[in-house]
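Asker: I am sharing model.cif, which consists of mmCIF, C-alpha atoms:
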data_upload
#
loop_
_atom_site.label_atom_id
_atom_site.label_comp_id
_atom_site.auth_asym_id
_atom_site.auth_seq_id
_atom_site.Cartn_x
_atom_site.Cartn_y
_atom_site.Cartn_z
CA MET A 12 10.01 -7.32 20.25
CA TYR A 13 9.94 -8.43 23.88
CA PRO A 14 9.18 -12.11 24.64
CA MET A 15 5.45 -12.74 24.60
CA ARG A 16 3.31 -15.49 26.02
CA ILE A 17 1.51 -16.96 23.01
CA ALA A 18 -1.32 -19.44 23.42
CA LEU A 19 -2.22 -21.73 20.53
CA ILE A 20 -5.77 -23.00 20.97
CA ASN A 21 -7.62 -25.70 19.04
CA SER A 22 -10.84 -27.67 19.48
CA ARG A 23 -10.80 -31.46 19.82
CA GLN A 24 -13.81 -31.69 17.49
CA ASP A 25 -12.13 -29.63 14.76
CA VAL A 26 -10.19 -31.80 12.29
CA ALA A 27 -8.33 -28.80 10.86
CA GLY A 28 -7.32 -27.51 14.28
CA VAL A 29 -6.00 -30.93 15.29
CA ASN A 30 -4.14 -31.17 11.95
CA ILE A 31 -2.44 -27.80 12.46
CA ARG A 32 -1.56 -28.57 16.08
CA GLN A 33 -0.01 -31.92 15.19
CA ASN A 34 2.14 -30.21 12.56
CA LEU A 35 3.16 -27.50 15.02
CA GLU A 36 4.22 -30.08 17.60
CA GLU A 37 6.10 -32.17 15.04
CA LEU A 38 8.01 -29.15 13.72
CA LEU A 39 8.96 -28.08 17.23
CA ALA A 40 10.01 -31.61 18.20
CA ALA A 41 12.25 -31.91 15.13
CA GLY A 42 14.71 -29.48 16.68
CA GLU A 43 14.67 -26.88 13.92
CA ARG A 44 14.90 -23.28 15.05
CA TRP A 45 11.69 -21.26 14.63
CA PRO A 46 11.36 -17.53 15.40
CA LEU A 47 8.10 -17.96 17.31
CA ALA A 48 9.58 -20.55 19.67
CA ASP A 49 12.98 -18.83 19.91
CA ASN A 50 11.59 -15.42 20.79
CA HIS A 51 8.43 -16.21 22.73
CA VAL A 52 6.89 -18.63 25.21
CA LEU A 53 4.41 -20.99 23.53
CA THR A 54 1.65 -22.98 25.19
CA PHE A 55 -0.89 -25.34 23.61
CA HIS A 56 -4.48 -25.56 24.79
CA GLU A 57 -7.29 -27.81 23.59
CA VAL A 58 -11.00 -27.26 24.26
CA ASP A 59 -14.03 -29.46 23.79
CA GLY A 60 -16.43 -27.02 22.19
CA ARG A 61 -16.23 -24.90 19.04
CA LEU A 62 -13.74 -22.07 19.15
CA ILE A 63 -16.30 -19.48 18.09
CA TYR A 64 -18.00 -19.91 21.49
CA GLN A 65 -14.86 -19.51 23.62
CA ASP A 66 -15.72 -16.12 25.11
CA ARG A 67 -13.51 -15.16 28.08
CA ILE A 68 -11.08 -18.02 27.46
CA ASP A 69 -8.27 -15.52 28.08
CA GLU A 70 -9.35 -15.52 31.73
CA GLU A 71 -8.28 -19.18 31.86
CA VAL A 72 -5.22 -18.92 29.59
CA GLU A 73 -2.36 -16.63 30.57
CA ALA A 74 -1.23 -15.10 27.31
CA ASP A 75 -0.33 -11.86 25.56
CA LEU A 76 -1.57 -13.22 22.22
CA ILE A 77 -4.02 -15.98 21.35
CA ILE A 78 -3.84 -17.82 18.03
CA PHE A 79 -6.93 -19.91 17.38
CA ILE A 80 -6.08 -22.71 14.91
CA SER A 81 -9.23 -23.80 13.19
CA ARG A 82 -11.24 -24.86 10.17
CA HIS A 83 -12.97 -22.53 7.76
CA ALA A 84 -16.24 -23.47 6.04
CA SER A 85 -17.81 -21.72 3.06
CA ALA A 86 -21.02 -21.89 1.05
CA ARG A 87 -18.81 -21.83 -2.05
CA PRO A 88 -15.95 -24.03 -0.93
CA VAL A 89 -12.47 -23.60 -2.37
CA PRO A 90 -9.13 -24.66 -0.83
CA ALA A 91 -8.09 -21.73 1.34
CA LEU A 92 -5.73 -20.61 4.08
CA THR A 93 -7.01 -17.55 5.94
CA VAL A 94 -6.44 -15.23 8.89
CA HIS A 95 -8.86 -12.88 10.60
CA VAL A 96 -9.94 -11.28 13.86
CA THR A 97 -13.30 -11.94 15.47
CA GLY A 98 -16.35 -9.81 16.10
CA ASN A 99 -19.92 -9.07 15.04
CA TYR A 100 -21.23 -5.89 13.44
CA ASP A 101 -24.87 -6.90 13.85
CA THR A 102 -26.33 -10.10 15.26
CA ALA A 103 -24.27 -12.88 16.84
CA ASP A 104 -25.28 -15.86 14.71
CA LEU A 105 -21.88 -17.55 15.05
CA GLY A 106 -20.82 -16.93 18.61
CA GLY A 107 -19.82 -13.86 20.53
CA GLU A 108 -22.03 -10.91 21.32
CA PRO A 109 -24.00 -8.64 18.94
CA GLY A 110 -22.12 -5.52 17.90
CA ALA A 111 -18.99 -6.57 19.79
CA LEU A 112 -15.38 -6.60 18.51
CA ALA A 113 -12.45 -8.54 19.94
CA PRO A 114 -8.98 -6.95 20.19
CA ALA A 115 -7.04 -7.56 16.96
CA ALA A 116 -3.38 -8.36 16.32
CA PRO A 117 -2.80 -6.70 12.92
CA ALA A 118 0.98 -7.10 12.81
CA TRP A 119 0.77 -10.81 13.62
CA MET A 120 -1.95 -11.43 11.03
CA HIS A 121 0.15 -9.51 8.50
CA ALA A 122 3.21 -11.66 9.24
CA ILE A 123 1.31 -14.95 9.06
CA LEU A 124 -0.57 -13.92 5.91
CA ARG A 125 2.67 -13.09 4.11
CA ASN A 126 4.19 -16.39 5.21
CA LEU A 127 1.12 -18.25 3.94
CA ALA A 128 1.46 -16.59 0.54
CA ALA A 129 4.98 -18.02 0.29
CA ARG A 130 4.12 -21.49 1.61
CA ALA A 131 0.57 -22.30 0.46
CA PRO A 132 0.20 -25.64 -1.38
CA GLU A 133 -0.73 -25.39 -5.03
CA GLY A 134 -4.42 -24.65 -5.52
CA TYR A 135 -4.92 -22.95 -2.14
CA ARG A 136 -6.10 -19.35 -1.94
CA VAL A 137 -4.49 -17.18 0.72
CA SER A 138 -6.45 -14.27 2.14
CA TYR A 139 -7.81 -12.30 5.02
CA GLU A 140 -11.42 -12.79 6.05
CA VAL A 141 -13.49 -9.89 7.28
CA THR A 142 -14.71 -9.77 10.87
CA HIS A 143 -17.64 -12.18 11.16
CA HIS A 144 -17.89 -14.49 14.21
CA GLY A 145 -17.07 -15.02 17.88
CA PRO A 146 -15.57 -15.12 20.36
CA THR A 147 -15.87 -11.43 21.13
CA ALA A 148 -15.60 -11.25 24.94
CA LEU A 149 -11.81 -11.19 25.02
CA SER A 150 -9.38 -8.66 26.43
CA THR A 151 -6.31 -10.34 24.90
CA PRO A 152 -5.45 -9.69 21.22
CA SER A 153 -6.20 -12.74 19.11
CA LEU A 154 -6.49 -14.06 15.58
CA PHE A 155 -7.85 -17.09 13.77
CA ALA A 156 -5.58 -19.03 11.39
CA GLU A 157 -7.68 -21.42 9.36
CA ILE A 158 -7.75 -24.16 6.72
CA GLY A 159 -10.76 -24.18 4.39
CA SER A 160 -13.12 -25.04 3.11
CA THR A 161 -14.20 -28.73 3.22
CA ALA A 162 -13.32 -31.90 5.14
CA THR A 163 -10.81 -32.79 2.42
CA GLU A 164 -8.74 -29.65 3.06
CA TRP A 165 -9.22 -29.74 6.84
CA ALA A 166 -7.42 -33.10 6.94
CA ASP A 167 -4.81 -32.15 4.30
CA ARG A 168 -1.43 -32.60 5.99
CA THR A 169 0.35 -30.36 3.49
CA ALA A 170 -2.07 -27.53 4.27
CA GLY A 171 -1.61 -28.12 7.99
CA ARG A 172 2.17 -28.07 7.57
CA ALA A 173 2.05 -24.83 5.53
CA LEU A 174 -0.06 -23.11 8.18
CA ALA A 175 2.08 -24.43 11.03
CA GLU A 176 5.29 -23.22 9.36
CA SER A 177 3.69 -19.84 8.65
CA ILE A 178 2.81 -19.40 12.32
CA LEU A 179 6.18 -20.57 13.65
CA SER A 180 8.14 -18.36 11.24
CA ALA A 181 6.09 -15.23 11.97
CA VAL A 182 8.17 -12.15 12.83
CA PRO A 183 5.96 -9.04 12.92
CA GLU A 184 7.52 -5.91 11.44
CA GLU A 185 6.75 -2.24 11.98
CA THR A 186 3.34 -2.21 10.32
CA ILE A 187 0.84 0.48 9.42
CA ASN A 188 -2.27 -0.74 11.22
CA LEU A 189 -5.48 -0.20 9.27
CA ILE A 190 -9.19 -0.83 9.35
CA GLY A 191 -10.85 -1.73 6.06
CA PHE A 192 -14.19 -1.25 4.35
CA GLY A 193 -15.75 -2.82 1.28
CA GLY A 194 -14.96 -5.81 -0.87
CA THR A 195 -16.02 -9.40 -0.39
CA HIS A 196 -15.84 -11.68 2.62
CA TYR A 197 -12.27 -12.55 1.57
CA ALA A 198 -11.11 -8.91 1.42
CA VAL A 199 -9.30 -9.27 -1.91
CA ARG A 200 -7.93 -5.72 -2.16
CA GLN A 201 -6.97 -5.61 1.50
CA THR A 202 -5.13 -8.91 1.10
CA GLU A 203 -3.21 -7.61 -1.92
CA ILE A 204 -2.28 -4.45 -0.03
CA ALA A 205 -0.98 -6.44 2.94
CA LEU A 206 1.05 -8.72 0.69
CA SER A 207 2.62 -5.72 -1.07
CA SER A 208 3.21 -3.28 1.78
CA ARG A 209 3.41 -2.69 5.52
CA GLY A 210 -0.35 -2.13 5.56
CA ALA A 211 -1.71 -4.52 8.20
CA PHE A 212 -5.46 -4.82 8.62
CA GLY A 213 -7.31 -5.48 11.84
CA HIS A 214 -11.10 -5.28 11.71
CA MET A 215 -12.67 -5.15 8.25
CA ALA A 216 -16.26 -4.83 7.10
CA SER A 217 -17.28 -6.16 3.71
CA ALA A 218 -19.58 -4.33 1.31
CA ARG A 219 -22.48 -6.40 2.66
CA GLN A 220 -21.69 -5.42 6.24
CA ALA A 221 -21.28 -1.70 5.55
CA GLY A 222 -24.94 -0.97 6.25
CA PHE A 223 -24.53 -2.03 9.89
CA LEU A 224 -21.78 0.50 10.57
CA GLY A 225 -22.24 3.64 12.60
CA PRO A 226 -19.89 6.19 14.17
CA ASP A 227 -19.54 4.20 17.40
CA LEU A 228 -18.70 0.94 15.63
CA ILE A 229 -16.11 2.64 13.45
CA ARG A 230 -14.44 4.17 16.49
CA ARG A 231 -14.40 0.74 18.15
CA MET A 232 -12.97 -0.84 14.99
CA ARG A 233 -10.08 1.61 15.21
CA GLU A 234 -9.53 1.07 18.94
CA ALA A 235 -9.72 -2.73 18.73
CA SER A 236 -7.29 -2.71 15.78
CA SER A 237 -4.86 -0.11 17.16
CA ALA A 238 -5.37 1.45 13.73
CA VAL A 239 -3.73 4.66 12.58
CA ALA A 240 -5.69 4.93 9.32
CA ALA A 241 -8.43 3.40 7.19
CA TYR A 242 -8.83 2.06 3.65
CA ILE A 243 -11.98 1.85 1.52
CA ASP A 244 -12.32 -0.49 -1.47
CA ARG A 245 -14.25 2.14 -3.42
CA LYS A 246 -15.04 0.00 -6.45
CA SER A 247 -17.07 -2.40 -4.31
CA LEU A 248 -19.35 0.19 -2.73
CA PRO A 249 -21.98 2.63 -4.04
CA ALA A 250 -20.84 6.25 -3.96
CA SER A 251 -23.46 7.03 -1.31
CA GLU A 252 -22.12 4.32 1.01
CA THR A 253 -18.53 5.42 0.42
CA GLY A 254 -19.46 9.01 1.23
CA LYS A 255 -21.17 7.94 4.45
CA ILE A 256 -18.12 5.99 5.61
CA GLU A 257 -15.82 8.89 4.69
CA ARG A 258 -17.88 11.29 6.77
CA MET A 259 -17.84 8.96 9.77
CA LEU A 260 -14.07 8.50 9.46
CA GLY A 261 -13.64 12.26 9.26
CA SER A 262 -15.78 12.84 12.35
CA ALA A 263 -13.71 10.25 14.23
CA GLY A 264 -10.45 11.89 13.11
CA ILE A 265 -9.31 8.77 11.26
CA ILE A 266 -6.99 9.30 8.28
CA LEU A 267 -8.21 7.73 5.04
CA LEU A 268 -5.52 6.34 2.74
CA SER A 269 -5.83 5.12 -0.84
CA GLU A 270 -4.15 1.92 -1.99
CA SER A 271 -1.45 3.85 -3.83
CA GLU A 272 -0.73 5.95 -0.73
CA ILE A 273 -0.31 2.85 1.43
CA LEU A 274 2.02 1.25 -1.11
CA GLU A 275 4.05 4.43 -1.54
CA ILE A 276 4.79 4.76 2.18
CA GLY A 277 7.29 1.94 1.77
CA ASP A 278 9.77 1.94 4.66
CA LEU A 279 9.00 5.46 5.85
CA GLY A 280 8.14 5.57 9.55
CA TRP A 281 4.49 6.34 10.24
CA THR A 282 5.07 9.35 12.48
CA THR A 283 7.53 10.72 9.93
CA TYR A 284 4.97 10.13 7.19
CA LEU A 285 2.44 12.23 9.10
CA ARG A 286 5.00 15.02 9.44
CA VAL A 287 5.69 14.85 5.70
CA ARG A 288 1.96 15.18 4.98
CA ALA A 289 1.67 18.15 7.33
CA LEU A 290 4.70 19.86 5.80
CA ALA A 291 3.37 19.34 2.27
CA GLU A 292 0.08 20.95 3.21
CA ASP A 293 1.95 23.84 4.78
CA ILE A 294 4.24 24.62 1.82
CA ALA A 295 1.81 23.66 -0.96
CA PRO A 296 -1.79 23.56 0.29
CA GLY A 297 -3.91 20.96 -1.47
CA SER A 298 -0.91 19.10 -2.84
CA ARG A 299 -0.46 15.33 -2.88
CA ILE A 300 2.72 13.62 -1.75
CA HIS A 301 4.54 10.89 -3.71
CA ILE A 302 7.19 9.05 -1.71
CA HIS A 303 10.19 7.94 -3.72
CA GLY A 304 13.28 6.72 -1.85
CA LEU A 305 12.67 8.39 1.51
CA ALA A 306 12.70 5.79 4.30
CA GLY A 307 13.06 5.44 8.05
CA HIS A 308 12.64 8.28 10.49
CA GLY A 309 13.79 11.89 10.38
CA THR A 310 12.82 15.54 10.37
CA PRO A 311 11.26 16.46 7.01
CA VAL A 312 12.17 19.81 5.47
CA PRO A 313 11.41 21.41 2.09
CA VAL A 314 13.84 21.27 -0.84
CA ARG A 315 13.25 24.04 -3.39
CA LEU A 316 14.39 23.87 -7.02
CA SER A 317 14.21 26.19 -10.00
CA PRO A 318 10.60 26.10 -11.27
CA ASP A 319 11.76 26.52 -14.90
CA LEU A 320 14.28 23.70 -14.55
CA VAL A 321 11.74 21.26 -13.13
CA GLU A 322 9.04 22.27 -15.63
CA GLU A 323 11.31 21.78 -18.65
CA THR A 324 12.67 18.47 -17.35
CA VAL A 325 9.17 17.08 -16.89
CA LYS A 326 8.12 18.31 -20.32
CA ASN A 327 11.04 16.61 -22.03
CA ASN A 328 11.83 13.53 -19.93
CA LYS A 329 9.04 12.92 -17.44
CA SER A 330 9.25 9.13 -17.19
CA GLU A 331 13.04 9.08 -16.88
CA PHE A 332 12.91 11.82 -14.27
CA LEU A 333 10.27 10.08 -12.13
CA ASP A 334 12.08 6.73 -12.36
CA ALA A 335 15.35 8.34 -11.28
CA LEU A 336 13.71 9.98 -8.26
CA ASP A 337 13.09 6.50 -6.81
CA LYS A 338 16.83 6.33 -6.09
CA PHE A 339 16.79 9.54 -4.03
CA PRO A 340 15.62 9.93 -0.39
CA VAL A 341 12.94 12.37 -1.43
CA VAL A 342 9.21 13.05 -1.58
CA ARG A 343 7.72 14.67 -4.69
CA LEU A 344 4.66 16.95 -4.57
CA SER A 345 1.95 17.23 -7.19
CA LYS A 346 -1.14 19.38 -7.43
CA GLY A 347 -4.01 19.16 -9.89
CA SER A 348 -2.63 18.60 -13.38
CA THR A 349 0.90 19.55 -12.31
CA GLU A 350 2.63 16.22 -11.72
CA VAL A 351 5.84 17.66 -10.30
CA LEU A 352 5.99 20.85 -8.26
CA PRO A 353 9.41 22.55 -7.83
CA LEU A 354 9.07 21.71 -4.13
CA PHE A 355 10.40 18.46 -2.72
CA ILE A 356 10.73 17.09 0.80
CA GLY A 357 13.77 15.40 2.31
CA PHE A 358 15.33 14.91 5.71
CA GLU A 359 17.10 17.69 7.55
CA ASN A 360 20.87 17.80 6.92
CA GLU A 361 20.36 16.22 3.48
CA THR A 362 18.72 19.16 1.74
CA SER A 363 21.84 20.64 0.13
CA ARG A 364 22.89 17.30 -1.31
CA LEU A 365 19.36 16.53 -2.47
CA ALA A 366 19.00 19.90 -4.19
CA SER A 367 22.34 19.35 -5.90
CA ASP A 368 21.56 15.75 -6.94
CA ILE A 369 18.12 16.57 -8.35
CA THR A 370 19.45 19.63 -10.16
CA THR A 371 22.24 17.50 -11.67
CA LEU A 372 19.64 14.96 -12.78
CA CYS A 373 17.53 17.65 -14.44
CA VAL A 374 20.53 19.18 -16.22
CA LYS A 375 21.70 15.81 -17.53
CA LEU A 376 18.23 14.91 -18.79
CA LEU A 377 17.89 18.25 -20.57
CA LEU A 378 21.37 18.06 -22.12
CA ILE A 379 20.54 14.79 -23.85
CA CYS A 380 17.70 16.58 -25.60
CA GLU A 381 18.46 17.84 -29.09
CA ASN A 382 19.18 21.59 -29.39
CA THR A 383 20.03 22.13 -25.69
CA VAL A 384 23.34 23.89 -24.99
CA ILE A 385 25.12 25.64 -22.11
CA GLU A 386 25.90 29.32 -22.22
CA GLY A 387 27.48 30.48 -18.96
CA ASP A 388 25.00 29.92 -16.16
CA HIS A 389 22.12 29.27 -18.55
CA LEU A 390 20.72 26.19 -20.19
CA VAL A 391 19.55 27.28 -23.62
CA LEU A 392 16.66 25.17 -24.84
CA ARG A 393 15.87 25.57 -28.51
CA LYS A 394 12.71 23.87 -29.65
CA VAL A 395 11.85 23.48 -33.29
CA ARG A 396 8.25 22.69 -34.08
CA PHE A 397 5.98 22.45 -37.09
CA ASP A 398 4.10 25.73 -37.66
CA PRO A 399 0.66 25.18 -39.28
CA ALA A 400 0.34 28.91 -40.10
CA LYS A 401 3.55 28.87 -42.16
CA ALA A 402 2.43 25.71 -43.93
CA ARG A 403 -0.85 27.32 -44.92
CA ARG A 404 1.00 30.37 -46.26
CA TYR A 405 2.87 28.04 -48.60
CA GLY A 406 -0.44 26.59 -49.78
CA VAL A 407 -0.28 23.31 -47.87
CA PRO A 408 -3.81 22.11 -47.05
CA ARG A 409 -4.70 20.64 -43.66
CA GLY A 410 -4.60 16.86 -43.50
CA PRO A 411 -2.04 14.21 -44.38
CA LEU A 412 0.47 16.71 -45.84
CA PHE A 413 0.62 18.50 -42.45
CA ALA A 414 1.53 15.20 -40.82
CA THR A 415 4.19 14.50 -43.46
CA LEU A 416 5.90 17.86 -42.89
CA ALA A 417 5.61 17.54 -39.10
CA GLY A 418 7.25 14.15 -39.43
CA GLY A 419 10.28 15.68 -41.15
CA ARG A 420 9.55 14.82 -44.79
CA ALA A 421 9.12 17.26 -47.71
CA VAL A 422 5.95 17.56 -49.81
CA ASP A 423 5.21 18.89 -53.32
CA ILE A 424 2.50 21.52 -53.83
CA ASP A 425 1.70 22.79 -57.33
CA GLY A 426 5.16 21.90 -58.56
CA ARG A 427 6.97 23.42 -55.59
CA ARG A 428 8.87 21.40 -52.99
CA ILE A 429 8.03 22.43 -49.41
CA THR A 430 10.67 21.23 -46.97
CA PRO A 431 10.18 20.82 -43.20
CA ASP A 432 12.55 23.68 -42.35
CA MET A 433 10.38 26.06 -44.41
CA VAL A 434 7.40 25.50 -42.10
CA GLN A 435 9.13 25.38 -38.74
CA THR A 436 9.29 27.83 -35.85
CA THR A 437 12.14 27.92 -33.38
CA SER A 438 11.58 29.01 -29.79
CA VAL A 439 14.32 29.64 -27.26
CA LYS A 440 14.05 29.38 -23.48
CA LEU A 441 16.80 30.25 -21.02
CA VAL A 442 16.94 28.43 -17.67
CA HIS A 443 19.22 30.23 -15.23
CA ILE A 444 21.14 27.92 -12.87
CA PRO A 445 23.76 29.65 -10.71
CA GLY A 446 27.01 27.72 -10.83
CA LEU A 447 25.74 25.55 -13.68
CA GLU A 448 29.15 24.02 -14.35
CA ARG A 449 28.90 22.17 -11.00
CA TYR A 450 25.98 20.15 -12.31
CA THR A 451 27.46 19.02 -15.62
#
In structure tokens, write the structure found in this file.
Answerer:
Amino acid sequence: MYPMRIALINSRQDVAGVNIRQNLEELLAAGERWPLADNHVLTFHEVDGRLIYQDRIDEEVEADLIIFISRHASARPVPALTVHVTGNYDTADLGGEPGALAPAAPAWMHAILRNLAARAPEGYRVSYEVTHHGPTALSTPSLFAEIGSTATEWADRTAGRALAESILSAVPEETINLIGFGGTHYAVRQTEIALSSRGAFGHMASARQAGFLGPDLIRRMREASSAVAAYIDRKSLPASETGKIERMLGSAGIILLSESEILEIGDLGWTTYLRVRALAEDIAPGSRIHIHGLAGHGTPVPVRLSPDLVEETVKNNKSEFLDALDKFPVVRLSKGSTEVLPLFIGFENETSRLASDITTLCVKLLLICENTVIEGDHLVLRKVRFDPAKARRYGVPRGPLFATLAGGRAVDIDGRRITPDMVQTTSVKLVHIPGLERYT
């Protein structure tokens, strides 16, 4: 990241802001190396009024990023350390302009939030806050970093030190910038996503704010957040409200991701992820992708395996197979009730090795199953199962005796001993794998 001019702004009347600034200055004066100071140009600014009314302050402060250090107040106060961007979806009761959104800095909020989670004093909650106050008339990306929620916490030096260290140690990574919908003021699900993934939220609207949203606001949320996708906390919203938001996102051409999809992306580059999605839809329309060990950037291409081999492996060792796939640079496809299609996605120039490695995995998992043998280029799978029709022919009534025989134990009926092998059926399936010996 190129050196940025970063302005740290506090209000003289704000105890928390003064607390954080004092800690920042002390840490910098102590001579310890901090990424923010090493990589960027920092300036401190102090204003007389409340920060929420500092519209157009970026016209006075030359900066590429503004970090407002401030207090947070709540009707239900708990010790808290929070980050958020500013704006109003409806009226401007706390500064700014009605229906206006300030430019967000999702990657910086993500970095500071994750640092706070590692440094917060005991008893402090760490979270995002949804968009909810001014200033809004800004052209420079900004964020609020706050201590809440009462005078006791505002003056808490340990909280001020934790927030100062979290700011100074912030190193934004390659994030997946998102806008969020639903949940409470403290965006619980969005916070958990950010702490567990590269998902970085900009503007968010809580469940209570959802009614104010329209197509234009949603488009401006995306633009102000530099967002590539959106997330909805579905459990917090009525189905009708969720459907409305989905339709507006669709009309705006904004991709909607579930929590599991965001988490699964892992270290896969965003543009590459989009190409993987497009390829999956092309080779298996309506399928869902599941990213295992594929990471970074590359050209995705399909990897095709024997349908019978994949089907039998999943039937016999599904959990072991899925766990093992996490070690491979591969994407799995599923569709409907079929959890694993015989189509995978990997990077170009790795397809031959991937096909070989996954085939080897399948063969090994099937060979540990009882009654599986190799005959030439075929895996021979013999399956022995309890046959209710045979049991009835021997006079065994439905019920507990069926379970006993199916469990491998003999039963006595009218003086005759019925053994499990008498009521079993054996089926044989051949799976043809050219050059099978290479995979054993």
Asker: Using all atoms listed in the file, determine which residues lie at most 7 Å from Ala240 in chain A, disregarding the query and same-chain residues fewer than 4 positions distant; provide the list as number ranges by chain.
Answerer: A: 188-190, 265-268
Asker: With all atoms listed in the file as the atoms that count, which of A:Ser251, A:Thr161, A:Thr97, A:Thr282 lies nearest to Ala216 in chain A?
Answerer: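 Checking each of A:Ser251, A:Thr161, A:Thr97, A:Thr282 against Ala216 in chain A, counting all atoms listed in the file, the winner is A:Thr97.
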Asker: If you count only C-alpha atoms, which residues fall within 10 Å of Asp69 in chain A, apart from same-chain ones fewer than 6 positions away, as a ChimeraX atom specification?
Answerer: /A:18,75-77,148-153
Asker: Give as a list in words the residues that the PyMOL selection byres ((chain A and resi 125) around 10) matches when applied to the coordinates above.
Answerer: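 With the PyMOL selection byres ((chain A and resi 125) around 10) on this model, the match is Trp119, Met120, His121, Ala122, Ile123, Leu124, Asn126, Leu127, Ala128, Ala129, Arg130, Val137, Ser138, Ser177, Ala181, Thr202, Ala205, Leu206 and Ser207 of chain A.
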Asker: Given only C-alpha atoms as the basis, pick out the residue of A:Ala221, A:Val26, A:Val58, A:Ile294 nearest to Arg168 in chain A.
Answerer: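 Nearest candidate to Arg168 in chain A out of A:Ala221, A:Val26, A:Val58, A:Ile294: A:Val26.
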Asker: Which of these, A:Ser217, A:Thr371, A:Thr362, A:Thr186, has the shortest distance to Leu279 in chain A once you count all atoms listed in the file?
Answerer: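 That would be A:Thr186, the residue with the smallest distance to Leu279 in chain A.
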Asker: Taking the file as I've supplied it (selection: the PyMOL selection byres ((chain A and resi 61) around 9)), which residues are included? Please answer as a PyMOL selection string.
Answerer: chain A and resi 21-25+58-60+62-65
Asker: Report as an MDAnalysis selection string all protein, DNA and RNA residues lying within 12 Å of Ser438 in chain A, evaluated on all atoms listed in the file, omitting residues in the same chain fewer than 6 positions from it.
Answerer: chainID A and resid 382:383 391:398
Asker: I'd like the contact shell of range 444-449 of chain A - 9 Å cut-off, only C-alpha atoms, skipping same-chain residues fewer than 3 positions apart - returned as a PyMOL selection string.
Answerer: chain A and resi 317+320+367+370-371+374+385+387-390
Asker: Can you complete the atoms of range 233-247 of chain A to N, CA and C atoms and list them as a CSV table (one decimal), in the frame of the given file?
Answerer:
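Writing the result to selection-v4.csv gives the following:
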chain,number,residue,atom,x,y,z
A,233,ARG,N,-11.4,1.0,15.1
A,233,ARG,CA,-10.1,1.6,15.2
A,233,ARG,C,-9.4,1.2,16.5
A,234,GLU,N,-10.1,1.4,17.6
A,234,GLU,CA,-9.5,1.1,18.9
A,234,GLU,C,-9.1,-0.4,19.1
A,235,ALA,N,-10.0,-1.3,18.6
A,235,ALA,CA,-9.7,-2.7,18.7
A,235,ALA,C,-8.6,-3.2,17.8
A,236,SER,N,-8.3,-2.4,16.8
A,236,SER,CA,-7.3,-2.7,15.8
A,236,SER,C,-6.0,-1.9,16.0
A,237,SER,N,-6.0,-1.0,17.0
A,237,SER,CA,-4.9,-0.1,17.2
A,237,SER,C,-4.5,0.6,15.8
A,238,ALA,N,-5.5,0.9,15.1
A,238,ALA,CA,-5.4,1.4,13.7
A,238,ALA,C,-5.0,2.9,13.7
A,239,VAL,N,-4.1,3.3,12.8
A,239,VAL,CA,-3.7,4.7,12.6
A,239,VAL,C,-4.4,5.3,11.4
A,240,ALA,N,-5.1,4.4,10.5
A,240,ALA,CA,-5.7,4.9,9.3
A,240,ALA,C,-6.7,3.9,8.8
A,241,ALA,N,-7.4,4.3,7.8
A,241,ALA,CA,-8.4,3.4,7.2
A,241,ALA,C,-8.3,3.3,5.7
A,242,TYR,N,-8.8,2.3,5.1
A,242,TYR,CA,-8.8,2.1,3.6
A,242,TYR,C,-10.2,1.7,3.2
A,243,ILE,N,-10.7,2.2,2.1
A,243,ILE,CA,-12.0,1.8,1.5
A,243,ILE,C,-11.8,1.3,0.1
A,244,ASP,N,-12.3,0.1,-0.1
A,244,ASP,CA,-12.3,-0.5,-1.5
A,244,ASP,C,-13.5,0.2,-2.2
A,245,ARG,N,-13.2,1.3,-2.8
A,245,ARG,CA,-14.2,2.1,-3.4
A,245,ARG,C,-15.0,1.5,-4.5
A,246,LYS,N,-14.4,0.6,-5.3
A,246,LYS,CA,-15.0,0.0,-6.4
A,246,LYS,C,-16.1,-1.0,-6.0
A,247,SER,N,-16.1,-1.4,-4.8
A,247,SER,CA,-17.1,-2.4,-4.3
A,247,SER,C,-18.3,-1.8,-3.6
